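Pasted below: input.pdb, PDB, C-alpha atoms.
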ATOM      1  CA  MET N  13      31.658   6.515  34.087  1.00  0.00           C
ATOM      2  CA  ASP N  14      28.486   6.719  32.002  1.00  0.00           C
ATOM      3  CA  ARG N  15      27.938   4.708  28.827  1.00  0.00           C
ATOM      4  CA  SER N  16      28.862   7.456  26.341  1.00  0.00           C
ATOM      5  CA  ARG N  17      32.178   8.111  28.090  1.00  0.00           C
ATOM      6  CA  GLN N  18      32.967   4.396  28.079  1.00  0.00           C
ATOM      7  CA  LEU N  19      32.212   4.253  24.357  1.00  0.00           C
ATOM      8  CA  GLY N  20      34.414   7.308  23.780  1.00  0.00           C
ATOM      9  CA  MET N  21      37.270   5.709  25.741  1.00  0.00           C
ATOM     10  CA  PHE N  22      36.902   2.481  23.738  1.00  0.00           C
ATOM     11  CA  LEU N  23      36.974   4.431  20.455  1.00  0.00           C
ATOM     12  CA  MET N  24      40.133   6.294  21.512  1.00  0.00           C
ATOM     13  CA  ILE N  25      41.882   3.059  22.494  1.00  0.00           C
ATOM     14  CA  ALA N  26      40.811   1.291  19.289  1.00  0.00           C
ATOM     15  CA  ALA N  27      41.982   4.234  17.147  1.00  0.00           C
ATOM     16  CA  SER N  28      45.344   4.312  18.924  1.00  0.00           C
ATOM     17  CA  VAL N  29      45.894   0.568  18.459  1.00  0.00           C
ATOM     18  CA  GLN N  30      44.864   0.804  14.813  1.00  0.00           C
ATOM     19  CA  ALA N  31      47.258   3.725  14.223  1.00  0.00           C
ATOM     20  CA  LEU N  32      50.083   1.787  15.879  1.00  0.00           C
ATOM     21  CA  VAL N  33      49.396  -1.290  13.714  1.00  0.00           C
ATOM     22  CA  MET N  34      49.375   0.906  10.598  1.00  0.00           C
ATOM     23  CA  LEU N  35      52.659   2.558  11.589  1.00  0.00           C
ATOM     24  CA  VAL N  36      54.417  -0.743  12.344  1.00  0.00           C
ATOM     25  CA  GLY N  37      53.056  -2.358   9.176  1.00  0.00           C
ATOM     26  CA  THR N  38      54.144   0.563   7.017  1.00  0.00           C
ATOM     27  CA  MET N  39      57.636   0.598   8.542  1.00  0.00           C
ATOM     28  CA  ARG N  40      57.953  -3.134   7.796  1.00  0.00           C
ATOM     29  CA  ARG N  41      56.783  -2.359   4.235  1.00  0.00           C
ATOM     30  CA  SER N  42      53.815  -4.675   4.571  1.00  0.00           C
ATOM     31  CA  TYR N  43      51.345  -3.086   2.209  1.00  0.00           C
ATOM     32  CA  MET N  44      48.554  -5.430   3.339  1.00  0.00           C
ATOM     33  CA  VAL N  45      48.265  -2.985   6.228  1.00  0.00           C
ATOM     34  CA  ILE N  46      47.044  -0.439   3.647  1.00  0.00           C
ATOM     35  CA  ALA N  47      44.991  -2.840   1.506  1.00  0.00           C
ATOM     36  CA  LEU N  48      42.926  -4.355   4.338  1.00  0.00           C
ATOM     37  CA  PRO N  49      41.542  -1.057   5.713  1.00  0.00           C
ATOM     38  CA  VAL N  50      40.738   0.087   2.166  1.00  0.00           C
ATOM     39  CA  LEU N  51      38.920  -3.202   1.566  1.00  0.00           C
ATOM     40  CA  ALA N  52      37.023  -2.804   4.853  1.00  0.00           C
ATOM     41  CA  ALA N  53      36.049   0.792   4.044  1.00  0.00           C
ATOM     42  CA  THR N  54      34.856  -0.179   0.574  1.00  0.00           C
ATOM     43  CA  GLY N  55      32.797  -3.013   2.029  1.00  0.00           C
ATOM     44  CA  LEU N  56      31.293  -0.694   4.653  1.00  0.00           C
ATOM     45  CA  ILE N  57      30.323   1.911   2.065  1.00  0.00           C
ATOM     46  CA  SER N  58      28.808  -0.767  -0.170  1.00  0.00           C
ATOM     47  CA  ALA N  59      26.831  -2.215   2.748  1.00  0.00           C
ATOM     48  CA  LEU N  60      25.574   1.260   3.679  1.00  0.00           C
ATOM     49  CA  ALA N  61      24.498   1.963   0.086  1.00  0.00           C
ATOM     50  CA  PHE N  62      22.721  -1.413  -0.080  1.00  0.00           C
ATOM     51  CA  TRP N  63      20.917  -0.690   3.210  1.00  0.00           C
ATOM     52  CA  VAL N  64      19.746   2.738   1.986  1.00  0.00           C
ATOM     53  CA  GLY N  65      18.522   1.199  -1.273  1.00  0.00           C
ATOM     54  CA  TRP N  66      16.719  -1.603   0.588  1.00  0.00           C
ATOM     55  CA  THR N  67      15.025   0.949   2.834  1.00  0.00           C
ATOM     56  CA  MET N  68      13.925   3.031  -0.148  1.00  0.00           C
ATOM     57  CA  VAL N  69      12.511  -0.020  -1.958  1.00  0.00           C
ATOM     58  CA  ASN N  70      10.579  -1.267   1.069  1.00  0.00           C
ATOM     59  CA  THR N  71       9.211   2.076   2.273  1.00  0.00           C
ATOM     60  CA  GLU N  72       5.470   2.496   1.875  1.00  0.00           C
ATOM     61  CA  ALA N  73       4.001   5.329  -0.158  1.00  0.00           C
ATOM     62  CA  GLU N  74       3.639   8.707   1.493  1.00  0.00           C
ATOM     63  CA  ILE N  75       0.729   9.023   3.910  1.00  0.00           C
ATOM     64  CA  ALA N  76      -0.627  12.108   2.123  1.00  0.00           C
ATOM     65  CA  ALA N  77      -0.885  10.163  -1.140  1.00  0.00           C
ATOM     66  CA  LEU N  78      -2.629   7.308   0.668  1.00  0.00           C
ATOM     67  CA  GLU N  79      -5.113   9.692   2.312  1.00  0.00           C
ATOM     68  CA  GLN N  80      -5.973  11.310  -1.030  1.00  0.00           C
ATOM     69  CA  ALA N  81      -6.563   7.898  -2.587  1.00  0.00           C
ATOM     70  CA  GLU N  82      -9.022   7.007   0.205  1.00  0.00           C
ATOM     71  CA  GLU N  83     -11.080  10.217  -0.063  1.00  0.00           C
ATOM     72  CA  VAL N  84     -14.544   9.868  -1.480  1.00  0.00           C
ATOM     73  CA  PRO N  85     -15.537  12.706  -3.826  1.00  0.00           C
ATOM     74  CA  ALA N  86     -18.478  14.812  -2.608  1.00  0.00           C
ATOM     75  CA  PRO N  87     -21.651  14.567  -4.699  1.00  0.00           C
ATOM     76  CA  ALA N  88     -22.312  17.565  -6.920  1.00  0.00           C
TER
END
Before anything else, please render the file you have as structure tokens.
Amino acid sequence: MDRSRQLGMFLMIAASVQALVMLVGTMRRSYMVIALPVLAATGLISALAFWVGWTMVNTEAEIAALEQAEEVPAPA
């Protein structure tokens, strides 16, 4: 099995186990089973937004703008 198929199989197994845990937790009326995934999703979205912001702050100016700044005007 190649790497992408192994990853796909792992994702299917993980999703099935997670769905089973959610079902059992909901049937036992343990609402932490709902709160923890919501907390994890919120944390993931916040981390993604922070990463995008960090990348935008640390990205250098566009190359076209840098090239124009380095051009020497031709004498008239």
Take the PyMOL selection byres ((chain N and resi 47-52) around 12), apply it to the structure above, and return the hits as a ChimeraX atom specification. /N:30-31,33-34,37-38,42-46,53-59
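Here atom CA of Val64 of chain N is placed at a distance of 28.5 Å from atom CA of Met24 of chain N.
With atom CA of Ala27 of chain N on one side and atom CA of Arg15 of chain N on the other, the separation reads 18.3 Å.
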Padding of 4 Å on every side, edges along x, y and z, all listed atoms of segment 31-44 of chain N included: what centre and edge lengths in Å, to one decimal, does that box have, as JSON?
{"center_x": 52.6, "center_y": -0.9, "center_z": 9.0, "size_x": 18.7, "size_y": 17.2, "size_z": 21.7}
Could you jot down the atom CA of Arg41 of chain N to atom CA of Ser28 of chain N separation for me, Å, one decimal place? 19.8 Å
